[in-house]
Amino acid sequence: MSKFNSVPISPYELNESIFKLIGKDWMLITAGDADGVNTMTASWGCAGILWNKPVCICFIRPQRHTLGFVEANDRLSLTFFDEEYREALTYCGRKSGRDVDKFKECGLTPVFSENGAAYIEEARMVILCRKLYVGDLKEAEFLDTEMLNHYKDKDYHRFFICEIEKILKKD
């Protein structure tokens with residue numbers, strides 16, 4: 001049983017800047033089940049309203065080990081941490097779950113929500129998500145070709161539009 005003492009809030013009650021949370025604080029994208037869980041650091045993403053639902057969009061490059069976990073599960077989480085976890089976030093962005101046990105190395109504990117979404121117990125805030133749509137960025141669709149400089153290896157992101165089902169904040 002998780003020791004994550006939290007208060008559920010509506011996405012409409014979130015009073016933190018999504019720009020700061022994702023772009024400056026960073027997040028871990030986590031997915032999996034009892035047979036295996038993986039996580040990765042992300043600093044690109046967005047949130048808003050689409051199809052009359054609160055949604056977030058996360059982006060994962062094809063070579064990331066976490067991609068297979070996200071593809072294999074209906075749900076995922078975005079987890080945000082206090083600054084004391086910056087080193088763990090850096091580690092989870094630089095190391096692959098194919099090669100190391102990120103959870104063990106960083107002292108992180110994977111747990112599951114009542115609907116099966118994997119998340120990390122040590123987080124200060126968790127966004128629990130259900131996948132709605134998947135797509136791939138395509139070179140031919142870039143209107144500003146300067147953005148292609150982010151893809152020297154042509155490893156265009158796969159993106160997932162996810163319904164925000166619940167936000168948990170540590171109390």
# chains A, B, ... in the order shown; residues from 1 in each chain; ligands from 1

$ select_by_dssp --residues "region 7-165 of chain A" --states "helix (DSSP H, G or I)" --output "PyMOL selection string"
chain A and resi 11-13+18-25+66-72+83-94+102-106+139-141+145-150

$ residues_around --residues "Arg158 (chain A)" --least-positions-apart "3" --cutoff "6 Å" --atoms "only C-alpha atoms" --output "NGL selection string"
:A and (59-60 or 135-136)

$ write_last_selection --atoms "C-alpha atoms" --output "compact mmCIF listing (two decimals), in the first residue's frame"
# COMPACT_ATOMS: atom_id res chain seq x y z
CA PHE A 59 6.41 13.34 -26.16
CA ILE A 60 8.73 10.33 -26.25
CA GLY A 135 0.64 10.13 -33.22
CA ASP A 136 4.09 10.76 -34.61

$ atom_distance --atom1 "CA of Cys56 (chain A)" --atom2 "CA of Leu78 (chain A)"
9.3 Å

$ residues_around --residues "region 45-54 of chain A" --least-positions-apart "4" --cutoff "7 Å" --atoms "only C-alpha atoms" --output "JSON, numbers by chain"
{"A": [11, 22, 58, 59, 163, 164]}

$ select_by_dssp --residues "chain A" --states "strand (DSSP E or B)" --output "VMD selection string"
chain A and resid 6 to 9 27 to 33 36 to 42 45 to 50 53 to 60 75 to 80 110 to 112 118 to 120 125 to 136 158 to 170

$ residues_around --residues "Tyr133 (chain A)" --least-positions-apart "3" --cutoff "9 Å" --atoms "only C-alpha atoms" --output "ChimeraX atom specification"
/A:159-162

$ write_last_selection --atoms "N, CA and C atoms" --output "mmCIF file, in the first residue's frame"
data_model
loop_
_atom_site.group_PDB
_atom_site.id
_atom_site.type_symbol
_atom_site.label_atom_id
_atom_site.label_comp_id
_atom_site.auth_asym_id
_atom_site.auth_seq_id
_atom_site.Cartn_x
_atom_site.Cartn_y
_atom_site.Cartn_z
ATOM 1 N N PHE A 159 3.872 11.134 -29.851
ATOM 2 C CA PHE A 159 3.173 11.899 -28.820
ATOM 3 C C PHE A 159 1.889 11.194 -28.409
ATOM 4 N N PHE A 160 1.538 11.423 -27.162
ATOM 5 C CA PHE A 160 0.344 10.829 -26.575
ATOM 6 C C PHE A 160 -0.504 11.939 -25.990
ATOM 7 N N ILE A 161 -1.734 12.040 -26.472
ATOM 8 C CA ILE A 161 -2.702 12.959 -25.875
ATOM 9 C C ILE A 161 -3.457 12.136 -24.846
ATOM 10 N N CYS A 162 -3.446 12.613 -23.611
ATOM 11 C CA CYS A 162 -4.002 11.845 -22.501
ATOM 12 C C CYS A 162 -5.016 12.672 -21.721
#

$ closest_residue --among "A:Lys154, A:Asp25, A:Ala72, A:Glu16" --to "Glu84 (chain A)" --atoms "only C-alpha atoms"
A:Asp25

$ residues_around --residues "region 93-99 of chain A" --least-positions-apart "2" --cutoff "8 Å" --atoms "only C-alpha atoms" --output "list in words"
Asn38, Thr39, Met40, Thr41, Ala42, Arg64, His65, Thr66, Leu89, Thr90, Tyr91, Asp101 and Lys102 of chain A

$ residues_around --residues "Leu76 (chain A)" --least-positions-apart "4" --cutoff "6 Å" --atoms "only C-alpha atoms" --output "MDAnalysis selection string"
chainID A and resid 30:31 117 129
